[in-house]
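So this block is protein_32.pdb, PDB, C-alpha atoms:
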```pdb
ATOM      1  CA  MET D  10       1.117  -8.994  -4.844
ATOM      2  CA  ASP D  11       2.432  -7.299  -7.989
ATOM      3  CA  ARG D  12       4.899  -4.496  -7.640
ATOM      4  CA  LYS D  13       2.509  -1.633  -8.457
ATOM      5  CA  LEU D  14      -0.092  -2.780  -5.964
ATOM      6  CA  MET D  15       2.712  -3.074  -3.423
ATOM      7  CA  PHE D  16       3.867   0.448  -4.249
ATOM      8  CA  LEU D  17       0.356   1.824  -3.787
ATOM      9  CA  ALA D  18      -0.009  -0.039  -0.492
ATOM     10  CA  VAL D  19       3.255   1.446   0.783
ATOM     11  CA  LEU D  20       2.236   4.923  -0.427
ATOM     12  CA  PHE D  21      -1.121   4.566   1.325
ATOM     13  CA  VAL D  22       0.419   3.551   4.656
ATOM     14  CA  ALA D  23       3.168   6.183   4.409
ATOM     15  CA  CYS D  24       0.701   9.019   3.752
ATOM     16  CA  LEU D  25      -1.583   7.790   6.530
ATOM     17  CA  LEU D  26       1.181   7.643   9.136
ATOM     18  CA  VAL D  27       2.761  10.917   8.036
ATOM     19  CA  ALA D  28      -0.661  12.610   8.148
ATOM     20  CA  ASN D  29      -1.189  11.490  11.741
ATOM     21  CA  ILE D  30       2.182  12.956  12.717
ATOM     22  CA  MET D  31       1.661  16.177  10.724
ATOM     23  CA  ALA D  32      -1.735  16.663  12.356
ATOM     24  CA  GLY D  33       0.107  17.994  15.409
ATOM     25  CA  LYS D  34       0.965  21.178  13.515
ATOM     26  CA  ILE D  35      -1.760  23.750  12.884
ATOM     27  CA  ILE D  36      -1.285  26.012   9.880
ATOM     28  CA  GLN D  37      -3.092  29.105   8.621
ATOM     29  CA  LEU D  38      -3.909  29.692   4.962
ATOM     30  CA  GLY D  39      -5.596  33.044   4.602
ATOM     31  CA  GLY D  40      -8.552  32.894   6.963
ATOM     32  CA  LEU D  41      -8.507  29.088   7.220
ATOM     33  CA  VAL D  42      -6.928  27.346  10.220
ATOM     34  CA  LEU D  43      -6.057  23.736   9.411
ATOM     35  CA  PRO D  44      -3.892  20.807  10.499
ATOM     36  CA  ALA D  45      -0.913  20.326   8.192
ATOM     37  CA  ALA D  46      -2.171  16.771   7.610
ATOM     38  CA  VAL D  47      -4.857  18.144   5.290
ATOM     39  CA  PHE D  48      -2.384  17.787   2.406
ATOM     40  CA  ALA D  49      -1.200  14.243   3.111
ATOM     41  CA  TYR D  50      -4.364  12.462   4.219
ATOM     42  CA  PRO D  51      -6.398  13.023   1.009
ATOM     43  CA  VAL D  52      -3.784  10.989  -0.885
ATOM     44  CA  THR D  53      -5.059   7.893   0.931
ATOM     45  CA  PHE D  54      -8.494   8.304  -0.664
ATOM     46  CA  LEU D  55      -6.917   8.678  -4.089
ATOM     47  CA  VAL D  56      -4.983   5.447  -3.563
ATOM     48  CA  THR D  57      -8.019   3.447  -2.425
ATOM     49  CA  ASP D  58      -9.944   4.658  -5.478
ATOM     50  CA  VAL D  59      -7.171   3.516  -7.819
ATOM     51  CA  VAL D  60      -6.909   0.150  -6.062
ATOM     52  CA  SER D  61     -10.701  -0.229  -6.110
ATOM     53  CA  GLU D  62     -10.859   0.493  -9.825
ATOM     54  CA  VAL D  63      -8.059  -1.857 -10.867
ATOM     55  CA  TRP D  64      -7.923  -4.619  -8.215
ATOM     56  CA  GLY D  65     -11.444  -4.489  -6.794
ATOM     57  CA  LYS D  66     -13.312  -3.857  -3.563
ATOM     58  CA  GLU D  67     -11.710  -6.686  -1.604
ATOM     59  CA  LYS D  68      -8.140  -5.464  -2.154
ATOM     60  CA  ALA D  69      -9.147  -1.905  -1.281
ATOM     61  CA  GLY D  70     -10.737  -3.142   1.951
ATOM     62  CA  GLU D  71      -7.584  -5.083   2.811
ATOM     63  CA  LEU D  72      -5.603  -1.890   2.276
ATOM     64  CA  VAL D  73      -7.822   0.014   4.703
ATOM     65  CA  TRP D  74      -7.330  -2.618   7.415
ATOM     66  CA  LEU D  75      -3.591  -2.721   6.740
ATOM     67  CA  GLY D  76      -3.449   1.033   7.334
ATOM     68  CA  PHE D  77      -5.461   0.671  10.537
ATOM     69  CA  PHE D  78      -3.117  -1.918  12.041
ATOM     70  CA  MET D  79       0.025  -0.051  10.929
ATOM     71  CA  ASN D  80      -1.379   3.025  12.623
ATOM     72  CA  LEU D  81      -1.703   1.062  15.846
ATOM     73  CA  VAL D  82       1.897  -0.117  15.460
ATOM     74  CA  MET D  83       3.068   3.483  15.014
ATOM     75  CA  VAL D  84       1.123   4.670  18.063
ATOM     76  CA  ALA D  85       2.566   1.849  20.165
ATOM     77  CA  PHE D  86       6.168   2.642  19.212
ATOM     78  CA  LEU D  87       5.704   6.385  19.635
ATOM     79  CA  TYR D  88       4.318   5.728  23.097
ATOM     80  CA  LEU D  89       7.252   3.441  23.866
ATOM     81  CA  GLY D  90       9.635   6.204  22.818
ATOM     82  CA  GLN D  91       7.747   8.593  25.093
ATOM     83  CA  VAL D  92       7.931   6.468  28.240
ATOM     84  CA  LEU D  93      11.512   5.223  27.832
ATOM     85  CA  PRO D  94      13.808   7.200  30.173
ATOM     86  CA  PRO D  95      15.721   9.915  28.304
ATOM     87  CA  ALA D  96      19.496  10.133  28.479
ATOM     88  CA  ALA D  97      20.801  12.615  31.029
ATOM     89  CA  HIS D  98      22.214  14.932  28.332
ATOM     90  CA  TRP D  99      19.084  14.801  26.108
ATOM     91  CA  GLU D 100      16.951  17.854  26.797
ATOM     92  CA  HIS D 101      14.084  17.391  24.332
ATOM     93  CA  GLN D 102      11.711  15.083  26.194
ATOM     94  CA  ALA D 103       9.067  17.791  26.534
ATOM     95  CA  ALA D 104       9.284  18.574  22.815
ATOM     96  CA  TYR D 105       8.959  14.876  21.968
ATOM     97  CA  GLU D 106       5.864  14.546  24.142
ATOM     98  CA  ALA D 107       4.336  17.739  22.742
ATOM     99  CA  ILE D 108       4.765  16.695  19.110
ATOM    100  CA  LEU D 109       4.634  12.894  19.175
ATOM    101  CA  GLY D 110       2.949  12.160  22.480
ATOM    102  CA  THR D 111      -0.257  10.164  22.199
ATOM    103  CA  VAL D 112      -3.476  11.650  23.534
ATOM    104  CA  PRO D 113      -6.038   8.826  23.946
ATOM    105  CA  ARG D 114      -8.982  10.970  22.888
ATOM    106  CA  MET D 115      -7.217  12.140  19.716
ATOM    107  CA  VAL D 116      -6.099   8.626  18.819
ATOM    108  CA  ALA D 117      -9.625   7.258  19.324
ATOM    109  CA  ALA D 118     -11.130  10.087  17.265
ATOM    110  CA  SER D 119      -8.587   9.615  14.487
ATOM    111  CA  MET D 120      -8.980   5.844  14.269
ATOM    112  CA  THR D 121     -12.777   5.974  14.346
ATOM    113  CA  ALA D 122     -12.917   8.637  11.642
ATOM    114  CA  TYR D 123     -10.362   6.716   9.575
ATOM    115  CA  LEU D 124     -12.230   3.387   9.599
ATOM    116  CA  VAL D 125     -15.652   4.880   8.934
ATOM    117  CA  SER D 126     -14.526   7.225   6.156
ATOM    118  CA  GLN D 127     -12.206   4.785   4.378
ATOM    119  CA  MET D 128     -14.707   1.928   4.438
ATOM    120  CA  HIS D 129     -17.371   4.320   3.169
ATOM    121  CA  ASP D 130     -15.045   5.446   0.385
ATOM    122  CA  VAL D 131     -14.535   1.872  -0.824
ATOM    123  CA  TRP D 132     -18.267   1.135  -0.613
ATOM    124  CA  ALA D 133     -19.331   4.404  -2.290
ATOM    125  CA  PHE D 134     -16.784   4.044  -5.090
ATOM    126  CA  HIS D 135     -18.218   0.654  -6.070
ATOM    127  CA  PHE D 136     -21.798   1.886  -5.585
ATOM    128  CA  TRP D 137     -21.213   4.627  -8.134
ATOM    129  CA  ARG D 138     -19.253   2.230 -10.338
ATOM    130  CA  ARG D 139     -22.272  -0.072 -10.567
ATOM    131  CA  LEU D 140     -24.639   2.854 -11.098
ATOM    132  CA  THR D 141     -22.560   4.263 -13.963
ATOM    133  CA  LYS D 142     -21.865   0.781 -15.404
ATOM    134  CA  GLY D 143     -18.118   1.308 -15.120
ATOM    135  CA  ARG D 144     -18.125   4.660 -16.939
ATOM    136  CA  HIS D 145     -17.220   8.146 -15.690
ATOM    137  CA  LEU D 146     -14.293   7.411 -13.383
ATOM    138  CA  TRP D 147     -14.118  11.119 -12.503
ATOM    139  CA  LEU D 148     -17.672  10.982 -11.138
ATOM    140  CA  ARG D 149     -17.245   8.014  -8.802
ATOM    141  CA  ASN D 150     -13.809   9.209  -7.719
ATOM    142  CA  ASN D 151     -15.178  12.588  -6.660
ATOM    143  CA  LEU D 152     -18.558  11.545  -5.265
ATOM    144  CA  SER D 153     -17.094   8.767  -3.123
ATOM    145  CA  THR D 154     -14.355  11.068  -1.821
ATOM    146  CA  PHE D 155     -16.701  13.999  -1.135
ATOM    147  CA  GLY D 156     -18.894  11.908   1.141
ATOM    148  CA  SER D 157     -16.000  10.116   2.792
ATOM    149  CA  GLN D 158     -14.109  13.306   3.556
ATOM    150  CA  LEU D 159     -17.256  14.830   5.057
ATOM    151  CA  LEU D 160     -17.616  11.815   7.359
ATOM    152  CA  ASP D 161     -13.922  11.915   8.286
ATOM    153  CA  THR D 162     -13.970  15.636   9.084
ATOM    154  CA  ALA D 163     -17.222  15.601  11.052
ATOM    155  CA  ILE D 164     -16.390  12.486  13.077
ATOM    156  CA  PHE D 165     -12.833  13.478  13.948
ATOM    157  CA  ILE D 166     -13.521  17.061  14.927
ATOM    158  CA  THR D 167     -16.637  16.150  16.915
ATOM    159  CA  LEU D 168     -14.986  13.304  18.843
ATOM    160  CA  ALA D 169     -11.696  15.153  19.346
ATOM    161  CA  PHE D 170     -12.964  18.601  20.340
ATOM    162  CA  TRP D 171     -16.575  18.287  21.523
ATOM    163  CA  GLY D 172     -16.916  20.007  24.895
ATOM    164  CA  THR D 173     -13.519  21.701  24.653
ATOM    165  CA  VAL D 174     -14.386  24.466  22.163
ATOM    166  CA  PRO D 175     -17.636  26.344  21.452
ATOM    167  CA  GLY D 176     -20.059  24.837  18.960
ATOM    168  CA  GLU D 177     -19.509  27.710  16.522
ATOM    169  CA  ALA D 178     -15.765  27.020  16.534
ATOM    170  CA  LEU D 179     -16.440  23.334  15.822
ATOM    171  CA  LEU D 180     -18.499  24.263  12.789
ATOM    172  CA  ARG D 181     -15.798  26.631  11.524
ATOM    173  CA  MET D 182     -13.154  23.928  11.918
ATOM    174  CA  CYS D 183     -15.321  21.427  10.037
ATOM    175  CA  PHE D 184     -16.053  23.891   7.253
ATOM    176  CA  SER D 185     -12.425  24.963   6.837
ATOM    177  CA  GLN D 186     -11.073  21.417   6.676
ATOM    178  CA  TYR D 187     -13.819  20.113   4.432
ATOM    179  CA  LEU D 188     -13.479  23.010   2.000
ATOM    180  CA  VAL D 189      -9.759  22.360   1.517
ATOM    181  CA  LYS D 190     -10.329  18.597   1.242
ATOM    182  CA  LEU D 191     -12.959  19.196  -1.460
ATOM    183  CA  LEU D 192     -10.571  21.349  -3.463
ATOM    184  CA  ILE D 193      -7.834  18.724  -3.174
ATOM    185  CA  ALA D 194     -10.276  15.962  -4.171
ATOM    186  CA  VAL D 195     -11.226  17.840  -7.339
ATOM    187  CA  ALA D 196      -7.585  18.612  -8.115
ATOM    188  CA  ASP D 197      -6.513  14.980  -7.779
ATOM    189  CA  THR D 198      -8.968  13.717 -10.444
ATOM    190  CA  PRO D 199      -6.351  13.742 -13.250
ATOM    191  CA  PHE D 200      -4.005  11.799 -10.958
ATOM    192  CA  CYS D 201      -6.717   9.190 -10.454
ATOM    193  CA  TYR D 202      -6.896   8.663 -14.211
ATOM    194  CA  LEU D 203      -3.105   8.534 -14.468
ATOM    195  CA  GLY D 204      -2.871   6.126 -11.544
ATOM    196  CA  VAL D 205      -5.489   3.781 -12.988
ATOM    197  CA  ARG D 206      -3.825   3.794 -16.416
ATOM    198  CA  TRP D 207      -0.412   3.162 -14.847
ATOM    199  CA  ALA D 208      -1.716   0.347 -12.651
ATOM    200  CA  ARG D 209      -3.664  -1.339 -15.445
ATOM    201  CA  LYS D 210      -0.541  -1.665 -17.553
ATOM    202  CA  GLU D 211       1.055  -3.689 -14.767
ATOM    203  CA  ALA D 212      -2.086  -5.794 -14.263
ATOM    204  CA  ALA D 213      -2.328  -6.527 -17.985
ATOM    205  CA  ALA D 214       1.357  -7.462 -18.158
ATOM    206  CA  ALA D 215       0.954  -9.796 -15.189
ATOM    207  CA  ASP D 216      -2.075 -11.481 -16.820
ATOM    208  CA  GLY D 217      -0.104 -12.003 -19.991
ATOM    209  CA  GLN D 218       2.605 -13.845 -18.104
ATOM    210  CA  VAL D 219       0.220 -16.360 -16.537
TER     211      VAL D 219
END
```

Using structure tokens, write down the structure that the file contains.
Amino acid sequence: MDRKLMFLAVLFVACLLVANIMAGKIIQLGGLVLPAAVFAYPVTFLVTDVVSEVWGKEKAGELVWLGFFMNLVMVAFLYLGQVLPPAAHWEHQAAYEAILGTVPRMVAASMTAYLVSQMHDVWAFHFWRRLTKGRHLWLRNNLSTFGSQLLDTAIFITLAFWGTVPGEALLRMCFSQYLVKLLIAVADTPFCYLGVRWARKEAAAADGQV
């Protein structure tokens, strides 16, 4: 693995894990109520698009599975930290459980939404790449992300909160999250171009050394 692909893989996993931890905090921006993870998680879609464009569908798929298994590793260690007996003078067990404690329903909802949306993103990116004959990176970057983020939002919120909040509240939560994710997806388009250009320089240099 060349160093730039490795960097992108590490960035992908880091943003994924951080997003799952940040999701425990709910923030309010104007009239929108959102998990703080809404700013970290979209980076993962940007990374898979760059990897798809430069290294291909197979590498992007490998990245998605790598993130899935690293997420399981994180959940396992966080749970271990939760069940290990706290020292007598340590008074923050309740805070640890509140912030980092694993709720099976939330974990299942998160992992299901992650796999479906990320795999769709890789598939959709290459679908639009074939349709546009490799032109218009901005189009396939945005169209693949728009659909994938819709799937991620709808699946997670439905699985995580169905039956616990009114249907109208579910729709508001979906709309709020998806709206912000759309805005971030549009805003990250220049970074997709920069990332692809940056990565291609490394790939070209590596080919020249073979």

### Summary
Min atom-atom distance to Gln91 (chain D) from the set D:Met79, D:Ile108, D:Val42, D:Val205, counting all atoms listed in the file, belongs to D:Ile108

### Message
Give me the residues near Val116 (chain D) as a PyMOL selection string, where near means some atom within 10 Å (using only C-alpha atoms) and where sequence neighbours in that chain fewer than 5 positions away do not count.
### Response
chain D and resi 29+80-81+84+111+121-122+165+169

### Message
I'd like to know which of D:Trp207, D:Phe21, D:Ala196, D:Ser185 is closest to Leu38 (chain D), using only C-alpha atoms.
### Response
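Residue with the minimum atom-to-atom distance to Leu38 (chain D): D:Ser185.
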
### Query
Near Ile35 (chain D), counting only C-alpha atoms, which residues have an atom at most 7 Å away, once you skip same-chain residues fewer than 4 positions from it, shown as a list of chain:residue names?
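Counting only the stated atoms, we get D:Val42, D:Leu43, D:Pro44, D:Ala45.
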
### Query
So which residues get picked by the PyMOL selection byres ((chain D and resi 157) around 8) here, written as a list of chain:residue names?
D:Ser126, D:Gln127, D:His129, D:Asp130, D:Ser153, D:Thr154, D:Phe155, D:Gly156, D:Gln158, D:Leu159, D:Leu160, D:Asp161

Selected residues, C-alpha atoms, written as a compact mmCIF listing (two decimals), keeping the file's coordinate frame, please.
```
# COMPACT_ATOMS: atom_id res chain seq x y z
CA SER D 126 -14.53 7.22 6.16
CA GLN D 127 -12.21 4.78 4.38
CA HIS D 129 -17.37 4.32 3.17
CA ASP D 130 -15.04 5.45 0.38
CA SER D 153 -17.09 8.77 -3.12
CA THR D 154 -14.36 11.07 -1.82
CA PHE D 155 -16.70 14.00 -1.14
CA GLY D 156 -18.89 11.91 1.14
CA GLN D 158 -14.11 13.31 3.56
CA LEU D 159 -17.26 14.83 5.06
CA LEU D 160 -17.62 11.82 7.36
CA ASP D 161 -13.92 11.92 8.29
```

#### Entry: Point-to-point distance in Å for CA of Pro51 (chain D) and CA of Leu25 (chain D)
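These atoms are spaced 9.0 Å apart.
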
### Message
Please enumerate the residues selected by the PyMOL selection byres ((chain D and resi 76) around 10) when evaluated against the supplied file, formatted as number ranges by chain.
### Response
D: 18-19, 21-26, 53, 70-75, 77-82, 123-124, 127

### Task
Considering only C-alpha atoms, return as a VMD selection string whatever protein or nucleic-acid residues lie within 12 Å of Gly90 (chain D), sequence-local ones (same chain, fewer than 4 positions apart) excluded.
chain D and resid 83 to 86 94 to 95 102 105 to 106 109 to 111

### Residue neighbourhood Asp58 (chain D), 8 Å, all atoms listed in the file, exclusion window fewer than 4 positions, as number ranges by chain
D: 54, 62, 69, 130-131, 134, 150, 201

### Query
D:Leu55, D:Met115, D:Met120, D:Ala104: which is nearest Val195 (chain D), counting all atoms listed in the file?
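Distance minimum relative to Val195 (chain D) lands on D:Leu55.
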
#### Entry: d(CA of Gly40 (chain D), CA of Met182 (chain D)) in Å
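CA of Met182 (chain D) lies 11.2 Å from CA of Gly40 (chain D).
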
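Minimum distance to Arg206 (chain D) across D:Ala117, D:Leu152, D:Val60, D:Ala107 (counting all atoms listed in the file) occurs at D:Val60.
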
### Given all atoms listed in the file as the counted atoms, nearest of D:Val63, D:Ala178, D:Cys183, D:Ala97 to Ile164 (chain D)
D:Cys183

### Task
Please indicate the distance in Å from CA of Phe170 (chain D) to CA of Tyr50 (chain D), rounded to one decimal place.
19.3 Å

#### Entry: Nearest candidate to Trp132 (chain D) (options D:Tyr88, D:Lys66, D:Trp147, D:Asp197; using only C-alpha atoms)
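Smallest distance to Trp132 (chain D) is found for D:Lys66.
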